[in-house]
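Shown here: structure-v2.tsv, TSV, C-alpha atoms and all ligand atoms.
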chain	number	residue	atom	x	y	z
A	1	MET	CA	24.74	-1.99	-2.73
A	2	ARG	CA	22.13	-2.05	-5.50
A	3	GLU	CA	22.82	-0.04	-8.63
A	4	ARG	CA	19.41	1.45	-9.12
A	5	GLY	CA	16.94	2.16	-6.34
A	6	LEU	CA	13.24	2.51	-7.14
A	7	VAL	CA	10.29	4.28	-5.54
A	8	HIS	CA	7.25	2.47	-4.11
A	9	ILE	CA	3.85	3.87	-3.17
A	10	TYR	CA	1.52	1.86	-0.93
A	11	CYS	CA	-1.80	3.69	-0.91
A	12	GLY	CA	-5.55	3.10	-0.67
A	13	ASN	CA	-8.19	2.77	2.02
A	14	GLY	CA	-7.60	-0.89	2.92
A	15	LYS	CA	-5.44	-2.33	5.69
A	16	GLY	CA	-1.87	-3.34	4.93
A	17	LYS	CA	0.17	-0.31	3.84
A	18	THR	CA	2.37	0.17	6.90
A	19	THR	CA	2.69	-3.56	7.55
A	20	ALA	CA	3.77	-4.13	3.93
A	21	ALA	CA	6.40	-1.42	4.28
A	22	MET	CA	7.71	-2.97	7.51
A	23	GLY	CA	7.75	-6.38	5.84
A	24	LEU	CA	10.02	-4.88	3.20
A	25	ALA	CA	12.22	-3.42	5.95
A	26	LEU	CA	12.64	-6.94	7.40
A	27	ARG	CA	13.45	-8.34	3.97
A	28	ALA	CA	16.13	-5.70	3.34
A	29	LEU	CA	17.60	-6.12	6.85
A	30	GLY	CA	17.77	-9.86	6.28
A	31	GLN	CA	19.94	-9.19	3.24
A	32	GLY	CA	22.29	-7.05	5.32
A	33	GLN	CA	21.01	-3.71	4.06
A	34	GLN	CA	20.68	-0.56	6.14
A	35	VAL	CA	17.19	0.77	6.66
A	36	VAL	CA	15.78	4.09	7.86
A	37	VAL	CA	12.12	4.63	8.77
A	38	VAL	CA	10.43	8.00	9.30
A	39	GLN	CA	6.87	7.83	10.62
A	40	PHE	CA	4.74	10.91	10.10
A	41	LEU	CA	1.65	11.83	12.18
A	42	LYS	CA	2.44	9.10	14.72
A	43	ASN	CA	3.86	9.12	18.20
A	44	HIS	CA	3.20	5.61	19.49
A	45	ALA	CA	5.26	2.56	18.58
A	46	THR	CA	3.19	-0.25	17.08
A	47	GLY	CA	4.21	-3.89	17.68
A	48	GLU	CA	6.49	-4.24	14.67
A	49	ILE	CA	8.25	-0.96	15.48
A	50	LYS	CA	8.99	-2.11	19.05
A	51	LEU	CA	10.74	-5.13	17.57
A	52	LEU	CA	12.51	-3.32	14.71
A	53	GLU	CA	13.87	-0.76	17.19
A	54	GLN	CA	15.80	-3.57	18.89
A	55	LEU	CA	17.62	-4.55	15.68
A	56	ASP	CA	20.90	-3.29	14.29
A	57	HIS	CA	21.16	-1.54	10.90
A	58	ILE	CA	17.81	0.23	11.28
A	59	ARG	CA	17.06	3.74	12.51
A	60	ILE	CA	13.52	4.87	13.23
A	61	PHE	CA	12.32	8.46	13.65
A	62	ARG	CA	8.77	9.20	14.68
A	63	GLY	CA	6.69	11.89	16.33
A	64	LYS	CA	4.00	14.51	16.37
A	65	ALA	CA	2.88	17.10	18.89
A	66	GLY	CA	0.14	15.93	21.26
A	67	ASP	CA	-2.17	12.96	20.84
A	68	HIS	CA	-4.89	14.40	18.60
A	69	PHE	CA	-5.72	13.49	15.02
A	70	THR	CA	-4.63	16.26	12.65
A	71	SER	CA	-8.22	17.49	12.29
A	72	SER	CA	-8.43	18.25	16.05
A	73	MET	CA	-4.94	19.73	16.46
A	74	THR	CA	-4.53	23.29	17.67
A	75	GLU	CA	-2.58	25.64	15.43
A	76	GLU	CA	0.31	25.34	17.93
A	77	GLU	CA	0.28	21.52	17.67
A	78	ARG	CA	0.17	21.69	13.88
A	79	LYS	CA	3.19	24.01	13.88
A	80	LYS	CA	5.13	21.79	16.29
A	81	THR	CA	4.23	18.67	14.31
A	82	ARG	CA	5.52	20.25	11.08
A	83	LYS	CA	8.80	21.05	12.87
A	84	ILE	CA	9.09	17.48	14.23
A	85	HIS	CA	8.46	16.08	10.74
A	86	GLU	CA	11.11	18.35	9.23
A	87	LYS	CA	13.64	17.41	11.91
A	88	ASN	CA	12.99	13.67	11.51
A	89	PHE	CA	13.20	13.94	7.74
A	90	ALA	CA	16.47	15.87	8.04
A	91	HIS	CA	17.93	13.08	10.24
A	92	ALA	CA	16.97	10.54	7.59
A	93	GLN	CA	18.41	12.68	4.80
A	94	GLN	CA	21.67	12.96	6.71
A	95	LEU	CA	21.93	9.16	6.99
A	96	VAL	CA	21.23	8.87	3.26
A	97	VAL	CA	23.99	11.39	2.48
A	98	GLU	CA	26.39	9.47	4.73
A	99	GLY	CA	25.63	6.29	2.78
A	100	LYS	CA	24.01	4.69	5.84
A	101	CYS	CA	20.63	4.03	4.26
A	102	GLU	CA	19.75	1.78	1.35
A	103	LEU	CA	16.01	1.53	2.03
A	104	LEU	CA	14.11	4.57	3.26
A	105	ILE	CA	10.52	4.15	4.43
A	106	LEU	CA	8.47	7.34	4.74
A	107	ASP	CA	5.41	5.97	6.51
A	108	GLU	CA	2.19	8.05	6.24
A	109	ILE	CA	4.10	10.80	4.42
A	110	LEU	CA	1.34	10.96	1.80
A	111	ASP	CA	-1.18	11.86	4.53
A	112	ALA	CA	1.24	14.36	6.07
A	113	VAL	CA	1.55	16.05	2.65
A	114	ALA	CA	-2.22	15.93	2.03
A	115	LYS	CA	-2.88	17.53	5.44
A	116	GLU	CA	-0.22	20.19	4.90
A	117	MET	CA	1.91	18.81	7.71
A	118	PHE	CA	4.88	18.28	5.41
A	119	GLU	CA	5.80	20.22	2.28
A	120	GLU	CA	5.26	18.32	-0.92
A	121	LYS	CA	8.06	20.22	-2.62
A	122	MET	CA	10.51	19.01	0.05
A	123	LEU	CA	9.57	15.41	-0.73
A	124	LEU	CA	9.72	15.96	-4.50
A	125	SER	CA	13.08	17.65	-4.38
A	126	PHE	CA	14.42	14.82	-2.20
A	127	LEU	CA	13.12	12.17	-4.62
A	128	GLU	CA	14.53	13.99	-7.63
A	129	ASN	CA	17.98	14.37	-6.07
A	130	ARG	CA	18.27	11.08	-4.22
A	131	PRO	CA	21.35	8.93	-4.69
A	132	PRO	CA	20.79	6.32	-7.40
A	133	PHE	CA	21.11	3.30	-5.07
A	134	LEU	CA	18.36	4.43	-2.66
A	135	GLU	CA	15.06	2.53	-2.53
A	136	VAL	CA	12.20	4.63	-1.15
A	137	VAL	CA	8.77	3.60	0.13
A	138	LEU	CA	5.96	6.12	0.59
A	139	THR	CA	2.74	5.15	2.36
A	140	GLY	CA	-0.58	6.85	3.01
A	141	ARG	CA	-4.14	7.02	1.73
A	142	GLU	CA	-3.63	8.96	-1.52
A	143	ALA	CA	-0.68	10.27	-3.53
A	144	SER	CA	-0.95	13.44	-5.58
A	145	PRO	CA	-0.34	13.16	-9.35
A	146	VAL	CA	3.15	14.71	-9.09
A	147	ILE	CA	4.20	12.24	-6.41
A	148	ARG	CA	2.75	9.36	-8.43
A	149	GLU	CA	4.93	10.50	-11.34
A	150	CYS	CA	8.03	9.69	-9.24
A	151	ALA	CA	6.96	6.13	-8.42
A	152	ASP	CA	8.03	2.88	-10.04
A	153	TYR	CA	5.67	0.66	-8.02
A	154	ILE	CA	2.17	1.83	-7.06
A	155	THR	CA	0.28	-0.70	-4.98
A	156	ARG	CA	-3.24	0.07	-3.83
A	157	MET	CA	-4.70	-1.68	-0.79
A	158	GLU	CA	-8.40	-1.54	-1.51
A	159	LYS	CA	-10.88	-2.04	1.32
A	160	GLU	CA	-13.53	-4.59	0.56
A	161	ARG	CA	-14.26	-5.10	4.24
A	162	HIS	CA	-12.90	-3.74	7.48
A	163	PRO	CA	-14.08	-4.98	10.89
A	164	LEU	CA	-14.37	-1.41	12.19
A	165	ASP	CA	-17.48	-1.13	10.01
A	166	ARG	CA	-19.01	-3.84	12.27
A	167	GLY	CA	-17.85	-2.01	15.40
A	168	ILE	CA	-14.76	-4.14	16.01
A	169	VAL	CA	-12.18	-1.67	17.27
A	170	ALA	CA	-8.38	-1.77	16.84
A	171	ARG	CA	-6.81	-4.95	18.25
A	172	GLU	CA	-3.33	-5.29	19.80
A	173	GLY	CA	-0.88	-7.13	17.59
A	174	ILE	CA	-3.14	-6.69	14.53
A	175	GLU	CA	-3.89	-3.00	14.13
A	176	TYR	CA	-1.11	-1.76	16.41
A	201	LIG	P1	-1.54	-1.42	8.80
A	201	LIG	O1	-0.75	-0.52	9.72
A	201	LIG	O2	-2.36	-2.39	9.57
A	201	LIG	O3	-0.74	-2.02	7.70
A	201	LIG	P2	-2.47	0.69	7.08
A	201	LIG	O4	-1.13	1.29	7.19
A	201	LIG	O5	-2.88	0.20	5.72
A	201	LIG	O6	-2.65	-0.50	8.11
A	201	LIG	P3	-3.63	3.20	7.95
A	201	LIG	O7	-4.46	3.93	6.96
A	201	LIG	O8	-2.27	3.69	8.23
A	201	LIG	O9	-3.62	1.66	7.55
A	201	LIG	O10	-4.47	3.12	9.26
A	201	LIG	C1	-3.95	2.63	10.43
A	201	LIG	C2	-4.96	1.75	11.12
A	201	LIG	O11	-6.28	1.95	10.69
A	201	LIG	C3	-4.68	0.27	10.91
A	201	LIG	O12	-4.77	-0.31	12.15
A	201	LIG	C4	-5.78	-0.24	10.03
A	201	LIG	O13	-6.27	-1.53	10.35
A	201	LIG	C5	-6.88	0.74	10.25
A	201	LIG	N1	-7.55	0.93	8.96
A	201	LIG	C6	-7.00	0.84	7.74
A	201	LIG	N2	-7.92	1.03	6.79
A	201	LIG	C7	-9.08	1.25	7.43
A	201	LIG	C8	-10.43	1.53	7.02
A	201	LIG	N3	-10.74	1.62	5.74
A	201	LIG	N4	-11.37	1.69	7.98
A	201	LIG	C9	-11.05	1.62	9.26
A	201	LIG	N5	-9.82	1.37	9.73
A	201	LIG	C10	-8.84	1.19	8.83
A	202	MG	MG	-0.36	3.02	7.89

Once more with this new file: its structure as structure tokens, please.
Ligand code: ATP
Ligand code: MG
Amino acid sequence: MRERGLVHIYCGNGKGKTTAAMGLALRALGQGQQVVVVQFLKNHATGEIKLLEQLDHIRIFRGKAGDHFTSSMTEEERKKTRKIHEKNFAHAQQLVVEGKCELLILDEILDAVAKEMFEEKMLLSFLENRPPFLEVVLTGREASPVIRECADYITRMEKERHPLDRGIVAREGIEY
């Protein structure tokens, strides 16, 4: 087990944040480490998640209410989604406490916080009190200044081009 875990932020408007985080999950698994992933604002498994779910030493929690983007959610769906996020986060926290997680990936948590679908103070208090060995990855478009304060790595994926701008829609095995 590593002595000192650090905090990563993958942010920005370019492609590559979630795939970078999952690449790190593979790297840690390959070294025999235990990994936990919580995906916020998502209920469908993308290609890499389907594969990771078949492996040992990794636990993945995901979910939201309904199939709408946050902006089109009903108040009921927003409430349910917040509850699902809290429950999934609590499962992850439990595994951390039990010493069954060395790398924790909180995918899209920055967007969940920005859209008030997860409480920032819950994330901050977790980061402040985490066990020293735990490595944490946060992804999403933007991190608030207080969250940035907690990070050791901040990597920004900057969009120079994205094919959606030319009308090329999401492709299987690439975008999902
Ligand atoms: P990936 O999951 O491919 O690593 P990501 O996590 O960086 O991408 P998200 O912001 O989570 O990107 O968005 C998820 C999907 O939206 C991805 O399929 C990605 O290709 C696409 N996407 C990312 N950035 C943009 C953008 N600026 N314009 C349009 N689509 C985007
Ligand atoms: Mg993503």

As a ChimeraX atom specification, please: the residues near A:Glu158 (cut-off 9 Å, all atoms listed in the file, same-chain neighbours under 2 positions excluded). /A:11-15,156,160-161

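Nearest residue to A:Gly99, choosing from A:Lys83, A:Arg141, A:Lys121, A:Arg130 and counting all atoms listed in the file: A:Arg130.
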
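Candidate residues A:Asp107, A:Asp56, A:Glu119, A:Glu75 were compared for distance to ligand LIG 201 (chain A), and the nearest is A:Asp107, using all atoms listed in the file.
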
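The interatomic distance for the pair atom CA of A:Gly66 and atom CA of A:Leu24 works out to 29.3 Å.
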
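Closest to ligand MG 202 (chain A) among A:Gly47, A:Pro163, A:Gly16, A:Pro131 is A:Gly16, based on all atoms listed in the file.
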
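Nearest to A:Arg2 of all the residues A:Ala143, A:Val38, A:Ala28, A:Leu51 is A:Ala28, based on all atoms listed in the file.
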
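When atom CA of A:Lys42 is paired with atom CA of A:Glu142, their separation reads 17.3 Å.
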
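Picture a line from atom CA of A:Leu95 to atom CA of A:Asn129; it runs 14.6 Å.
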